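Worksheet: one structure, shown below.
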Amino acid sequence: MNTSTLTPRTAAADDKSPPKGSVTKPGWFLVSPSVLLLLVWMIVPLGMTIYFSLIRYNLLNPGENEFVGLENFEFFVTDAGFLPGAMNTLLLVGSVLAISVILGVLISALLEASEFFGRGIVRVLLISPFFIMPTVSALIWKNLIFHPVSGILAWVWKLFGAQPVDWLANYPLLSIIIIVSWQWLPFAILILMTAMQSLDQEQKEAARLDGAGPIAIFWHLTLPHLARPIAVVVMIETIFLLSVFAEIFTTTNGGPGFASTNLAYLIYNQALLQFDVGMASAGGLIAVVIANIAAIILVRMIGKNLTDKS
Amino acid sequence: MMTLKQSRRLQSALLGTLSWLIAALIFFPIFWMVLTSFKTEIDAFATPPQFFFTPTLENYLHIQERSDYFHFAWNSILISFSATILCLLIAVPAAYSMAFFETKRTKGTLLWMLSTKMLPPVGVLMPIYLLAKTFGLLDSRIALIVIYTLINLPIVVWMIYTYFKDIPGEILEASRLDGATTRQEIFRVLIPICKGGLASTALLSLILCWNEAFWSLNLTSSNAAPLTALIASYSSPEGLFWAKLSAVSTLACAPILIFGWISQKQLVRGLSFGAVK
């Protein structure tokens, strides 16, 4: 905070009433608690992670924690779980993003397309899953929907004369994608629906009078208007989707094999189940690097957008 | 003319029906959870699924003795509210000075705060776990309160910042001319004006704390475990327990769901960092 430059507004106020010890630049002093806390929150654990990642450190065999260089990274990257874990992370983030953005745009466009009975209720129903805690949604889907004997889907499959599917055993990653999408599609709908309501109705009317069909209006008017909200949805969902954990923890435990293990779960597995602090830390750093690559791209793309208007 | 109107009406009815169908589909798991919570365990497991049955309150009545529900609910309440209050106390001054005393570095600081959210929790799981262990804070509410405060701080600062930005500077100028101190300015002028905004910020923070399930699962076991951990403990036992699971889940989610419904419009703004209003 450059405290010596007051905004013209405050400077003017200063001229009229001599400072009473209050008008003087509270800036730096008031921001610092937040900045300091976040700085400590980032640097201390991150520094420790870096340190742990370079030593041999297993809680099960305490001994001298010798320096091993990049050995932990080597072990983590060559671990049987790493490639599937990285792939699953990308697949999970990518598919949930695609599903929630595409369906989100379509569903909110549908809702905005016409007045109909009970639109408010429909809106509330559509966004509800977003407020359900992750452990609840995972267990509800696992036991009440996906269950191969008494789940709803098993019943629907039987109605059509098909053999019920054991979703979590046979399609573990797909099942997790469905559960996570179910939680995050409502978020996209919530944001995009609100954004659409701020679309200039007169512009739309003018386009209609000029003979533009609903599809042309959607493509040339609505979609460009949604660029910014879609960017926001992508950014926020990416943050949360990169570290999906509870949904895997409560349903498949990453299995069978590594079929539904993502990086977050893999690291948890190394850390709190195998107590290999060194390797878990190396994995954690790799996850941080991946997240930061995504973050740099996203903040570049969206950051300007975000601060410009406000 | 008549036919055009009619076709419009027909179109509207079709689109409306489609919307209702999609909404019903998406809401179904929640509906089914609530319905199951009123079944006996036998009905809950029955095939084909029972849509009509004799409802029972048994699952709710025995919830406390089976899982000590109130202990976990109390933890959730205590942790969420403490973290939210703490977070607001730290964030309001920061947002105030960034909104009204903007410098060259304000935007950078805001974006940097946002970028701390990009640090995936697994990246710091080990150190936090070991630190908590060293200080005897494993399975303690304090650890979760501190962590939740920190992980929500960027969002809360951003959200309050956008609300403060909407206040015309003249109002503050006027109070300053009257000789208000910074503290008076914040407490007597800003906070009363922004009551609504601050309330929805608090609500968003509460929702995020209540539903957080990475740190609560990894750092607590029983003493400080909130509802997310209680529900997760239902993932292992075998046998007929779905009606009970549904009842506990319904109770755990109901308050947040209602909060969410009430404040959806304001939440959009917070969740989109002020980009969508």
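Residues are referred to by chain and number: the chain letter is A, B, ... according to the order shown in the structure tokens, the number counts from 1 in that chain, and ligands are numbered separately from 1 in the order shown.
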
Discussion item. DSSP on the backbone, alpha helix (DSSP H) only: what residues of segment 8-210 of chain A does that give? Format it as a ChimeraX atom specification.
Written reply: /A:8-16,27-53,71-78,82-113,119-127,134-140,152-159,167-170,172-197,201-209

For chain B, which residues have at least one atom within 7 Å of chain A, if we go by only C-alpha atoms? Write them as an mmCIF file with C-alpha atoms, in the first residue's frame, please.
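Written out: out_39.cif:
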```
data_model
loop_
_atom_site.group_PDB
_atom_site.id
_atom_site.type_symbol
_atom_site.label_atom_id
_atom_site.label_comp_id
_atom_site.auth_asym_id
_atom_site.auth_seq_id
_atom_site.Cartn_x
_atom_site.Cartn_y
_atom_site.Cartn_z
ATOM 1 C CA SER B 12 -44.472 -21.184 -23.586
ATOM 2 C CA ALA B 13 -46.355 -24.143 -22.155
ATOM 3 C CA LEU B 15 -40.874 -24.758 -22.534
ATOM 4 C CA GLY B 16 -42.429 -24.522 -19.084
ATOM 5 C CA SER B 19 -38.201 -26.732 -17.369
ATOM 6 C CA TRP B 20 -40.316 -28.427 -14.746
ATOM 7 C CA ALA B 23 -35.948 -29.269 -12.303
ATOM 8 C CA ILE B 26 -32.201 -32.473 -10.681
ATOM 9 C CA PHE B 27 -34.069 -32.116 -7.409
ATOM 10 C CA MET B 33 -33.550 -38.435 0.622
ATOM 11 C CA PHE B 45 -34.433 -50.990 1.100
ATOM 12 C CA ALA B 46 -37.491 -52.387 -0.698
ATOM 13 C CA THR B 47 -37.483 -53.144 -4.404
ATOM 14 C CA PRO B 48 -39.214 -51.700 -6.310
ATOM 15 C CA PRO B 49 -38.708 -48.383 -4.499
ATOM 16 C CA ILE B 90 -10.516 -9.157 9.804
ATOM 17 C CA ALA B 91 -12.072 -8.537 6.402
ATOM 18 C CA PRO B 93 -11.223 -3.089 7.752
ATOM 19 C CA ALA B 94 -9.278 -4.479 4.804
ATOM 20 C CA SER B 97 -9.376 0.656 3.110
ATOM 21 C CA MET B 98 -9.169 -1.003 -0.282
ATOM 22 C CA PHE B 101 -8.329 4.473 -0.241
ATOM 23 C CA THR B 103 -3.790 2.777 -4.430
ATOM 24 C CA ARG B 105 -1.444 -1.899 -5.464
ATOM 25 C CA LYS B 107 -6.002 -4.498 -7.490
ATOM 26 C CA LEU B 111 -5.986 -10.664 -7.071
ATOM 27 C CA MET B 118 -5.698 -21.647 -5.825
ATOM 28 C CA LEU B 119 -3.417 -23.367 -3.338
ATOM 29 C CA PRO B 120 -4.944 -26.835 -3.192
ATOM 30 C CA VAL B 122 -3.616 -31.262 -0.259
ATOM 31 C CA GLY B 123 -0.509 -29.198 -0.946
ATOM 32 C CA VAL B 124 -0.389 -28.142 2.686
ATOM 33 C CA MET B 126 1.046 -32.610 5.732
ATOM 34 C CA PRO B 127 2.429 -29.500 7.462
ATOM 35 C CA ILE B 128 -0.964 -28.475 8.817
ATOM 36 C CA LEU B 150 -8.248 -18.307 6.509
ATOM 37 C CA THR B 162 -17.670 -4.967 -3.936
ATOM 38 C CA GLU B 173 -16.768 12.541 2.966
ATOM 39 C CA LEU B 177 -16.278 16.636 7.480
ATOM 40 C CA THR B 181 -12.900 9.023 13.127
ATOM 41 C CA THR B 182 -12.102 5.989 11.037
ATOM 42 C CA ASN B 211 -20.231 -27.834 4.039
ATOM 43 C CA ALA B 213 -15.286 -31.525 4.001
ATOM 44 C CA PHE B 214 -11.553 -31.736 3.403
ATOM 45 C CA THR B 228 -19.758 -33.518 7.483
ATOM 46 C CA ILE B 231 -22.206 -38.242 7.728
ATOM 47 C CA ALA B 232 -18.958 -39.605 6.312
ATOM 48 C CA SER B 235 -20.087 -44.674 4.584
ATOM 49 C CA SER B 249 -28.579 -35.990 6.215
ATOM 50 C CA CYS B 253 -28.664 -30.023 5.161
ATOM 51 C CA ILE B 256 -28.205 -24.484 4.848
ATOM 52 C CA LEU B 257 -30.673 -25.273 2.083
ATOM 53 C CA GLY B 260 -29.442 -20.722 0.342
ATOM 54 C CA TRP B 261 -32.992 -20.335 -0.938
ATOM 55 C CA VAL B 268 -24.542 -14.921 -6.809
ATOM 56 C CA SER B 272 -18.847 -14.493 -8.584
ATOM 57 C CA ALA B 275 -18.685 -9.898 -11.367
ATOM 58 C CA VAL B 276 -22.353 -10.832 -11.632
#
```

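Residue nearest Arg141 of chain B, chosen from B:Phe51, B:Trp215, B:Tyr69, B:Tyr60 and counting only C-alpha atoms: B:Trp215.
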
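For the atom pair formed by atom CA of Arg269 of chain B and atom CA of Ile217 of chain A, the distance is 25.7 Å, given to one decimal.
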